[in-house]
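File shown here: input33.txt, holding compact mmCIF, C-alpha atoms and all ligand atoms.
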# COMPACT_ATOMS: atom_id res chain seq x y z
CA MET A 26 68.24 77.60 -65.83
CA ARG A 27 65.71 77.39 -68.57
CA SER A 28 65.43 73.62 -68.74
CA LYS A 29 65.10 73.45 -64.93
CA SER A 30 62.07 75.75 -64.88
CA ILE A 31 60.27 73.71 -67.48
CA LYS A 32 60.34 70.53 -65.43
CA PRO A 33 57.89 71.62 -62.74
CA LEU A 34 55.62 72.93 -65.46
CA VAL A 35 55.57 69.58 -67.16
CA LEU A 36 54.94 67.91 -63.84
CA ILE A 37 52.06 70.25 -63.04
CA THR A 38 50.55 69.66 -66.47
CA LEU A 39 50.79 65.91 -66.06
CA LEU A 40 49.36 66.09 -62.56
CA SER A 41 46.49 68.28 -63.64
CA ILE A 42 45.64 65.90 -66.46
CA PHE A 43 45.74 63.05 -63.97
CA PHE A 44 43.60 64.77 -61.34
CA GLY A 45 41.30 66.46 -63.79
CA GLN A 46 40.21 63.11 -65.09
CA LYS A 47 36.55 62.49 -64.35
CA SER A 48 36.75 58.75 -64.52
CA PHE A 49 39.01 55.78 -64.34
CA ALA A 50 38.26 52.68 -66.26
CA GLU A 51 35.83 51.17 -63.77
CA LEU A 52 33.97 54.08 -62.18
CA GLU A 53 32.46 57.16 -63.78
CA VAL A 54 30.82 60.19 -62.22
CA ASN A 55 28.32 62.13 -64.31
CA ASN A 56 26.03 65.13 -63.87
CA ALA A 57 27.36 66.04 -60.44
CA TRP A 58 25.75 69.10 -58.91
CA VAL A 59 25.32 70.67 -55.48
CA ARG A 60 22.10 72.47 -54.65
CA SER A 61 22.81 76.08 -53.83
CA ALA A 62 21.39 77.37 -50.58
CA PRO A 63 20.83 80.75 -48.93
CA PRO A 64 23.67 82.46 -47.02
CA ASN A 65 24.45 81.01 -43.58
CA SER A 66 23.48 77.50 -44.63
CA LYS A 67 25.48 74.81 -42.88
CA VAL A 68 24.25 71.82 -44.85
CA PHE A 69 24.03 71.29 -48.60
CA SER A 70 22.89 68.39 -50.73
CA GLY A 71 24.57 66.98 -53.82
CA TYR A 72 23.49 64.67 -56.61
CA LEU A 73 25.26 62.68 -59.29
CA ARG A 74 25.28 59.45 -61.22
CA PHE A 75 27.79 56.74 -60.47
CA LYS A 76 28.44 54.37 -63.30
CA ASN A 77 30.25 51.15 -62.59
CA VAL A 78 31.59 50.00 -65.94
CA SER A 79 33.62 47.16 -64.47
CA ALA A 80 32.73 43.50 -64.01
CA ASN A 81 33.00 43.77 -60.20
CA GLU A 82 30.91 45.33 -57.49
CA ILE A 83 32.32 48.67 -56.36
CA THR A 84 31.87 50.09 -52.87
CA ILE A 85 32.05 53.81 -52.16
CA ASN A 86 33.57 54.09 -48.68
CA LYS A 87 34.28 57.71 -48.12
CA MET A 88 34.05 61.12 -49.72
CA LYS A 89 35.91 64.34 -49.12
CA SER A 90 36.05 67.85 -50.48
CA ASN A 91 38.19 70.93 -50.06
CA ALA A 92 35.01 72.98 -49.77
CA PHE A 93 33.37 71.11 -46.86
CA ASP A 94 34.50 69.64 -43.56
CA GLN A 95 32.43 66.53 -44.06
CA ILE A 96 30.57 64.64 -46.77
CA GLU A 97 28.24 61.72 -46.14
CA ILE A 98 26.09 59.62 -48.40
CA HIS A 99 22.48 59.61 -47.26
CA SER A 100 19.22 58.10 -48.26
CA SER A 101 15.93 59.98 -47.90
CA PHE A 102 12.87 57.79 -47.89
CA ILE A 103 9.30 57.65 -46.64
CA GLU A 104 8.40 54.82 -44.28
CA ASP A 105 4.82 54.53 -43.04
CA GLY A 106 4.21 58.12 -44.07
CA ILE A 107 7.25 59.39 -42.15
CA SER A 108 10.01 61.19 -44.03
CA THR A 109 13.37 59.84 -42.85
CA MET A 110 17.04 60.29 -43.69
CA ARG A 111 19.68 57.63 -43.08
CA LYS A 112 23.46 57.63 -43.43
CA ILE A 113 24.85 55.04 -45.83
CA ASP A 114 28.33 53.91 -44.78
CA ASN A 115 29.10 51.79 -47.80
CA LEU A 116 27.35 52.48 -51.05
CA ARG A 117 27.49 49.40 -53.23
CA ILE A 118 27.20 49.67 -56.98
CA SER A 119 26.81 46.39 -58.78
CA GLU A 120 28.84 45.53 -61.82
CA ASN A 121 27.93 47.22 -65.08
CA SER A 122 25.22 49.33 -63.55
CA GLU A 123 24.37 52.92 -62.82
CA MET A 124 23.34 54.42 -59.52
CA LYS A 125 21.54 57.73 -59.41
CA LEU A 126 21.77 60.07 -56.46
CA GLU A 127 18.79 62.37 -56.94
CA PRO A 128 16.50 64.72 -54.96
CA GLY A 129 14.34 62.88 -52.46
CA GLY A 130 16.41 59.67 -52.62
CA TYR A 131 20.09 58.89 -52.27
CA HIS A 132 22.08 62.10 -51.96
CA LEU A 133 25.34 63.58 -50.78
CA MET A 134 25.11 65.51 -47.55
CA LEU A 135 27.78 68.20 -47.57
CA MET A 136 28.33 69.71 -44.14
CA SER A 137 30.13 72.74 -42.69
CA PRO A 138 31.27 74.67 -45.77
CA LYS A 139 34.82 75.99 -45.48
CA LYS A 140 33.96 78.98 -47.65
CA ASP A 141 30.96 80.63 -49.28
CA ILE A 142 29.24 78.26 -51.68
CA LYS A 143 27.69 80.21 -54.53
CA GLU A 144 25.78 79.35 -57.66
CA GLY A 145 28.13 78.55 -60.51
CA ASN A 146 31.01 77.48 -58.23
CA LEU A 147 32.71 74.17 -58.73
CA VAL A 148 32.96 71.94 -55.70
CA GLU A 149 35.67 69.32 -55.64
CA LEU A 150 34.62 65.78 -54.78
CA ILE A 151 37.14 63.14 -53.82
CA ILE A 152 35.65 59.68 -53.89
CA TYR A 153 37.32 56.77 -52.10
CA TYR A 154 36.09 53.45 -53.39
CA GLU A 155 36.90 49.83 -53.10
CA ASP A 156 37.33 47.68 -56.14
CA GLU A 157 38.63 44.13 -55.76
CA ASP A 158 39.87 44.88 -52.23
CA ARG A 159 41.87 47.87 -53.37
CA ILE A 160 41.15 51.41 -52.29
CA LYS A 161 41.12 53.79 -55.20
CA ILE A 162 40.54 57.49 -55.46
CA LEU A 163 38.49 59.33 -58.02
CA ARG A 164 38.33 63.08 -58.27
CA SER A 165 35.42 64.95 -59.79
CA ASP A 166 33.81 68.37 -59.78
CA ALA A 167 30.22 69.23 -58.95
CA VAL A 168 28.70 72.47 -60.16
CA VAL A 169 26.61 74.53 -57.74
CA LEU A 170 23.12 75.02 -59.16
CA ARG A 171 19.69 76.04 -57.91
CA ASN A 172 18.10 73.17 -59.70
CA GLY A 173 20.23 70.61 -61.43
CA TYR A 174 20.10 67.95 -64.05
CA GLU A 175 16.50 66.78 -63.84
CA MET B 15 -46.43 25.33 -59.11
CA SER B 16 -44.03 24.05 -61.67
CA LYS B 17 -40.27 24.22 -61.14
CA ARG B 18 -40.07 26.64 -64.03
CA ASN B 19 -42.50 29.08 -62.44
CA ILE B 20 -40.56 29.08 -59.20
CA ILE B 21 -37.37 29.96 -61.01
CA PHE B 22 -39.22 32.73 -62.85
CA ILE B 23 -40.54 34.24 -59.58
CA LEU B 24 -37.09 34.06 -58.00
CA PHE B 25 -35.68 35.94 -60.97
CA ILE B 26 -38.26 38.73 -60.55
CA LEU B 27 -37.56 38.97 -56.80
CA PHE B 28 -33.85 39.22 -57.42
CA GLY B 29 -34.45 41.90 -59.98
CA ILE B 30 -36.59 43.98 -57.62
CA SER B 31 -34.16 43.71 -54.74
CA GLY B 32 -31.34 44.66 -57.08
CA LEU B 33 -33.15 47.77 -58.25
CA PHE B 34 -34.01 48.62 -54.65
CA THR B 35 -30.38 48.55 -53.49
CA TYR B 36 -29.36 50.51 -56.57
CA PHE B 37 -31.77 53.36 -55.83
CA GLN B 38 -30.91 53.29 -52.16
CA SER B 39 -27.24 53.80 -52.90
CA LEU B 40 -27.91 56.35 -55.63
CA PRO B 41 -27.57 59.48 -53.47
CA SER B 42 -24.18 58.39 -52.13
CA LEU B 43 -23.05 57.44 -55.62
CA LEU B 44 -23.95 60.91 -56.87
CA GLU B 45 -22.21 62.51 -53.92
CA LYS B 46 -19.04 60.57 -54.46
CA LYS B 47 -16.02 62.85 -54.55
CA PRO B 48 -13.34 62.57 -57.20
CA THR B 49 -10.40 60.48 -56.10
CA LEU B 50 -6.78 61.59 -56.00
CA ALA B 51 -3.83 59.60 -57.27
CA THR B 52 -1.40 61.04 -54.71
CA GLY B 53 -3.55 61.30 -51.58
CA LYS B 54 -7.11 61.57 -50.39
CA ILE B 55 -9.93 64.04 -50.01
CA LEU B 56 -11.48 63.96 -46.53
CA VAL B 57 -15.04 62.59 -46.39
CA ARG B 58 -15.99 65.86 -44.71
CA PRO B 59 -13.71 68.94 -44.48
CA MET B 60 -12.34 69.06 -40.95
CA GLU B 61 -12.12 72.04 -38.64
CA ILE B 62 -8.82 72.24 -36.79
CA ASP B 63 -8.04 73.61 -33.32
CA GLN B 64 -7.08 77.24 -32.83
CA PHE B 65 -3.40 77.87 -33.42
CA GLU B 66 -1.18 80.91 -33.18
CA LEU B 67 2.08 81.05 -35.15
CA ILE B 68 4.10 83.75 -36.95
CA ASP B 69 5.38 84.03 -40.51
CA GLN B 70 8.78 85.21 -41.79
CA ASN B 71 7.60 88.83 -41.63
CA ASN B 72 6.61 88.43 -37.98
CA ALA B 73 2.95 88.65 -38.96
CA ALA B 74 0.43 86.40 -37.21
CA PHE B 75 -0.34 83.08 -38.86
CA ASN B 76 -3.47 81.54 -37.37
CA ASN B 77 -6.81 79.93 -38.34
CA LYS B 78 -7.90 83.19 -39.97
CA SER B 79 -4.86 83.06 -42.27
CA LEU B 80 -6.21 79.86 -43.81
CA GLU B 81 -9.48 81.48 -44.85
CA GLY B 82 -10.23 83.15 -48.17
CA GLY B 83 -8.04 81.03 -50.43
CA TRP B 84 -6.71 77.53 -50.79
CA THR B 85 -3.64 76.84 -48.66
CA VAL B 86 -1.06 74.07 -48.91
CA VAL B 87 0.83 73.41 -45.68
CA PHE B 88 3.86 71.17 -45.27
CA PHE B 89 6.35 70.57 -42.47
CA GLY B 90 10.12 70.69 -42.47
CA TYR B 91 13.18 72.59 -41.26
CA THR B 92 15.76 74.73 -43.00
CA ASN B 93 18.69 72.44 -42.12
CA CYS B 94 17.13 69.77 -44.30
CA PRO B 95 18.96 70.14 -47.62
CA ASP B 96 17.42 67.34 -49.67
CA VAL B 97 13.69 66.83 -49.16
CA CYS B 98 12.66 70.36 -48.11
CA PRO B 99 14.04 72.30 -51.11
CA THR B 100 12.72 69.56 -53.38
CA THR B 101 9.21 70.00 -52.00
CA ILE B 102 9.52 73.80 -52.18
CA TYR B 103 10.47 73.55 -55.87
CA LYS B 104 7.69 71.12 -56.62
CA LEU B 105 5.08 73.34 -54.97
CA ALA B 106 6.45 76.44 -56.74
CA GLU B 107 6.14 74.65 -60.11
CA ILE B 108 2.63 73.49 -59.28
CA LYS B 109 1.66 76.99 -58.20
CA ASN B 110 2.84 78.37 -61.56
CA VAL B 111 0.76 75.86 -63.50
CA ILE B 112 -2.33 76.52 -61.37
CA LYS B 113 -1.91 80.29 -61.80
CA GLU B 114 -1.84 79.77 -65.54
CA LYS B 115 -4.73 77.33 -65.82
CA LEU B 116 -6.98 78.75 -63.11
CA PRO B 117 -5.92 82.40 -62.83
CA SER B 118 -8.72 83.37 -60.46
CA THR B 119 -7.66 80.79 -57.86
CA ASP B 120 -6.07 82.08 -54.68
CA PHE B 121 -3.47 79.39 -53.99
CA ASN B 122 -0.93 79.76 -51.18
CA THR B 123 1.90 77.57 -49.97
CA VAL B 124 3.28 77.44 -46.43
CA LEU B 125 6.28 75.73 -44.83
CA VAL B 126 5.87 75.24 -41.09
CA THR B 127 9.16 74.57 -39.34
CA LEU B 128 9.54 71.82 -36.76
CA ASP B 129 12.77 73.39 -35.57
CA PRO B 130 11.97 76.74 -33.88
CA ASP B 131 15.39 76.67 -32.14
CA ARG B 132 17.27 77.21 -35.38
CA ASP B 133 14.43 78.54 -37.54
CA SER B 134 13.59 82.04 -36.39
CA ALA B 135 11.38 84.28 -38.52
CA LYS B 136 14.58 85.89 -39.76
CA ARG B 137 16.15 82.60 -40.82
CA LEU B 138 12.92 81.55 -42.56
CA ASP B 139 12.85 84.86 -44.41
CA GLU B 140 16.38 84.25 -45.66
CA TYR B 141 15.67 80.62 -46.55
CA ILE B 142 12.21 80.87 -48.13
CA GLY B 143 13.11 84.11 -49.90
CA TYR B 144 15.95 82.29 -51.61
CA PHE B 145 13.86 79.42 -52.96
CA ASP B 146 10.37 80.88 -53.45
CA GLU B 147 9.49 84.45 -52.51
CA THR B 148 5.78 83.77 -52.72
CA MET B 149 5.85 81.06 -50.08
CA LEU B 150 5.16 81.66 -46.40
CA GLY B 151 7.59 80.38 -43.79
CA VAL B 152 6.02 79.85 -40.40
CA THR B 153 7.49 79.34 -36.95
CA GLY B 154 6.45 79.82 -33.33
CA THR B 155 7.02 78.56 -29.84
CA TYR B 156 7.44 74.83 -29.18
CA GLU B 157 4.01 74.65 -27.64
CA ASN B 158 2.29 76.45 -30.50
CA ILE B 159 3.98 74.36 -33.15
CA GLN B 160 3.16 71.23 -31.15
CA SER B 161 -0.52 72.11 -30.88
CA PHE B 162 -0.74 72.83 -34.62
CA THR B 163 0.95 69.57 -35.56
CA SER B 164 -1.10 67.51 -33.14
CA SER B 165 -4.38 68.84 -34.51
CA LEU B 166 -3.23 67.53 -37.91
CA SER B 167 -1.86 64.29 -36.39
CA VAL B 168 1.58 65.22 -37.67
CA PHE B 169 4.37 63.16 -36.12
CA TYR B 170 7.90 64.48 -35.69
CA GLN B 171 10.94 63.31 -33.83
CA ARG B 172 14.33 64.92 -33.30
CA ILE B 173 17.23 62.66 -34.28
CA ASN B 174 20.52 63.71 -32.67
CA LYS B 175 23.71 63.18 -34.64
CA GLU B 176 27.38 63.51 -33.75
CA GLU B 177 27.06 67.08 -34.90
CA GLY B 178 23.67 68.76 -34.93
CA TYR B 179 20.36 67.01 -35.41
CA ASP B 180 17.71 66.13 -37.98
CA PHE B 181 14.02 65.39 -37.84
CA ASN B 182 11.95 62.46 -38.93
CA HIS B 183 8.52 63.80 -39.69
CA THR B 184 5.21 63.17 -41.40
CA ALA B 185 5.80 63.58 -45.11
CA SER B 186 2.26 64.56 -46.15
CA ILE B 187 1.21 67.95 -47.41
CA PHE B 188 -2.10 69.35 -46.14
CA ILE B 189 -4.61 71.17 -48.29
CA PHE B 190 -7.03 73.62 -46.67
CA ASP B 191 -10.12 74.95 -48.43
CA LYS B 192 -11.34 78.57 -48.56
CA ASN B 193 -13.09 78.19 -45.23
CA GLY B 194 -9.85 77.18 -43.55
CA LEU B 195 -10.98 73.56 -43.19
CA LEU B 196 -8.67 70.63 -43.82
CA PHE B 197 -9.79 69.32 -47.18
CA ALA B 198 -7.24 66.80 -48.44
CA THR B 199 -3.78 65.34 -47.88
CA MET B 200 -1.20 64.29 -50.47
CA SER B 201 2.24 62.72 -50.57
CA PRO B 202 4.88 65.11 -51.98
CA ALA B 203 7.07 62.19 -53.08
CA ASN B 204 4.96 61.96 -56.24
CA THR B 205 5.98 63.73 -59.42
CA ILE B 206 5.10 67.35 -60.19
CA GLY B 207 2.80 66.11 -62.97
CA GLU B 208 0.87 63.74 -60.71
CA LEU B 209 0.53 66.30 -57.94
CA THR B 210 -0.54 69.06 -60.34
CA GLU B 211 -3.25 66.83 -61.75
CA ASP B 212 -4.65 66.20 -58.26
CA PHE B 213 -4.55 69.89 -57.35
CA TYR B 214 -6.33 70.61 -60.60
CA THR B 215 -8.98 68.00 -59.77
CA ILE B 216 -9.61 69.62 -56.39
CA LEU B 217 -9.62 73.24 -57.56
CA ASN B 218 -11.72 72.47 -60.61
CA ASN B 219 -14.41 70.59 -58.69
CA PHE B 220 -14.58 72.53 -55.47
CA GLN B 221 -13.95 76.18 -56.22
CU CU C 301 20.89 63.99 -45.95

Let me see whether you can do it: turn the structure in this file into structure tokens.
Amino acid sequence: MRSKSIKPLVLITLLSIFFGQKSFAELEVNNAWVRSAPPNSKVFSGYLRFKNVSANEITINKMKSNAFDQIEIHSSFIEDGISTMRKIDNLRISENSEMKLEPGGYHLMLMSPKKDIKEGNLVELIIYYEDEDRIKILRSDAVVLRNGYE
Amino acid sequence: MSKRNIIFILFILFGISGLFTYFQSLPSLLEKKPTLATGKILVRPMEIDQFELIDQNNAAFNNKSLEGGWTVVFFGYTNCPDVCPTTIYKLAEIKNVIKEKLPSTDFNTVLVTLDPDRDSAKRLDEYIGYFDETMLGVTGTYENIQSFTSSLSVFYQRINKEEGYDFNHTASIFIFDKNGLLFATMSPANTIGELTEDFYTILNNFQ
């Protein structure tokens, strides 16, 4: 009885170590934060730094979260004096380089929160990326802040 | 006349004409306004058409509201999570610096929504109150917002998405002087430091 109950515990511990990992060998996520917003907000923005430490280009294809129905990668930019926002379907990060998602530029657009998003919360980010034609998954947390790592 | 004399006379003539143009342009040189790194000061402050909007407390916001102090106006909508809060934070920071350096300056900031459908006075109160309590959030009817934006040549366009919609819109911020006249425009994409310096230039030279 005793030895049986330990097994799931070991499994959970191993799983949590696996999923709690912030980075695999080739892709790292640093300084991830989501800007907090007033109650009743339907859209949030998130920022982070992707670091591709591999010798290949990496493409971010898709992102998910348990806290939002939908996450997209966007780019805000000014063209001819007009402020514009565009969806980026495939975010490419060249080999051995860093890509910053920061206010007023590339950002995560987190839509339709499934629960209240409050300052200090952790928001789960699941990142699907392509590396040498293989789809890989990276899990990371973003902290909800009024004003983040700037 | 020798060749040498001719050259001498030409030199004198050139000199006189040079001095003449210099003195002629002197008044405009003296009048020259300081330049901004992040935008421009209008050659002459511009009066804008009458407009009638409301703020987050349901109080009137019109031409009279621009008089008495300096006012910074920018355009956006509360469903814009990236650029709008960033600009709000930048302006709040700038306002703090100005308050410290030029305490007697009356310096107000205003967000005018382009999305009256979703941005009621109540929603603006909730939104602005969260980011910067000292800022005004302004809305109104379509027509009234349209007439205010068109008098400032502000462009905006609704972009429909699978779910909901966004706006492309003029990025500039608009600075009104104490008489409620449009005085300068700047681009908020610049850093807080660069923008603060330009605000300081304006407020220091044109109190
Ligand atoms: Cu966006």

Can you work out which residues are within 9 Å of ligand CU 301 (chain C), considering all atoms listed in the file, and then hand them over as an MDAnalysis selection string? (chainID A and resid 68:70 97:101 110:112 131:135) or (chainID B and resid 94:97 180)

For chain A, work out the contacting residues on chain B at 7 Å, counting all atoms listed in the file, and write them as a ChimeraX atom specification. /B:93,95-97,100,140-141,144,182-185

Residues within 6 Å of range 89-91 of chain B, please, as a short mmCIF file (atom, residue, chain, number, x, y, z; two decimals) with C-alpha atoms, keeping the file's coordinate frame. Count all atoms listed in the file; anything in the same chain fewer than 4 positions from it doesn't count.
data_model
loop_
_atom_site.label_atom_id
_atom_site.label_comp_id
_atom_site.auth_asym_id
_atom_site.auth_seq_id
_atom_site.Cartn_x
_atom_site.Cartn_y
_atom_site.Cartn_z
CA LEU B 125 6.28 75.73 -44.83
CA VAL B 126 5.87 75.24 -41.09
CA THR B 127 9.16 74.57 -39.34
CA LEU B 128 9.54 71.82 -36.76
CA ASP B 129 12.77 73.39 -35.57
#

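Our summary of the geometry notes that CA of Val111 in chain B is positioned 16.8 Å from CA of Ile189 in chain B.
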
One decimal, in Å: what's the spacing between CA of Phe197 in chain B and CA of Asp120 in chain B? 15.3 Å

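Relative to CA of Ala135 in chain B, CA of Ile68 in chain B is found at 7.5 Å.
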
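All residues of protein, DNA or RNA that reach within 7 Å of range 52-57 of chain A, judged by all atoms listed in the file and not counting those fewer than 5 positions away in the chain, are Lys47, Tyr72, Leu73, Arg74, Phe75, Lys76, Asn77, Val78, Asp166, Ala167, Val168 and Tyr174 of chain A.
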
Nearest residue to Phe213 in chain B from the set B:Lys54, B:Glu66, B:Tyr179, B:Ser165 (distances using only C-alpha atoms):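 Checking each of B:Lys54, B:Glu66, B:Tyr179, B:Ser165 against Phe213 in chain B, counting only C-alpha atoms, the winner is B:Lys54.
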
Minimum-distance residue to Glu155 in chain A, chosen among A:Asp94, A:Val59, A:Ala50, A:Arg117 (using all atoms listed in the file): A:Arg117

Could you check which of B:Phe188, B:Phe220, B:Phe65, B:Phe162 is closest to Gly53 in chain B, using all atoms listed in the file?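 Answer, going by the shortest atom-to-atom distance: B:Phe188.
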
Which of these residues is nearest to Gly143 in chain B, using all atoms listed in the file: B:Thr92, B:Thr210, B:Thr85, B:Asn19? B:Thr92
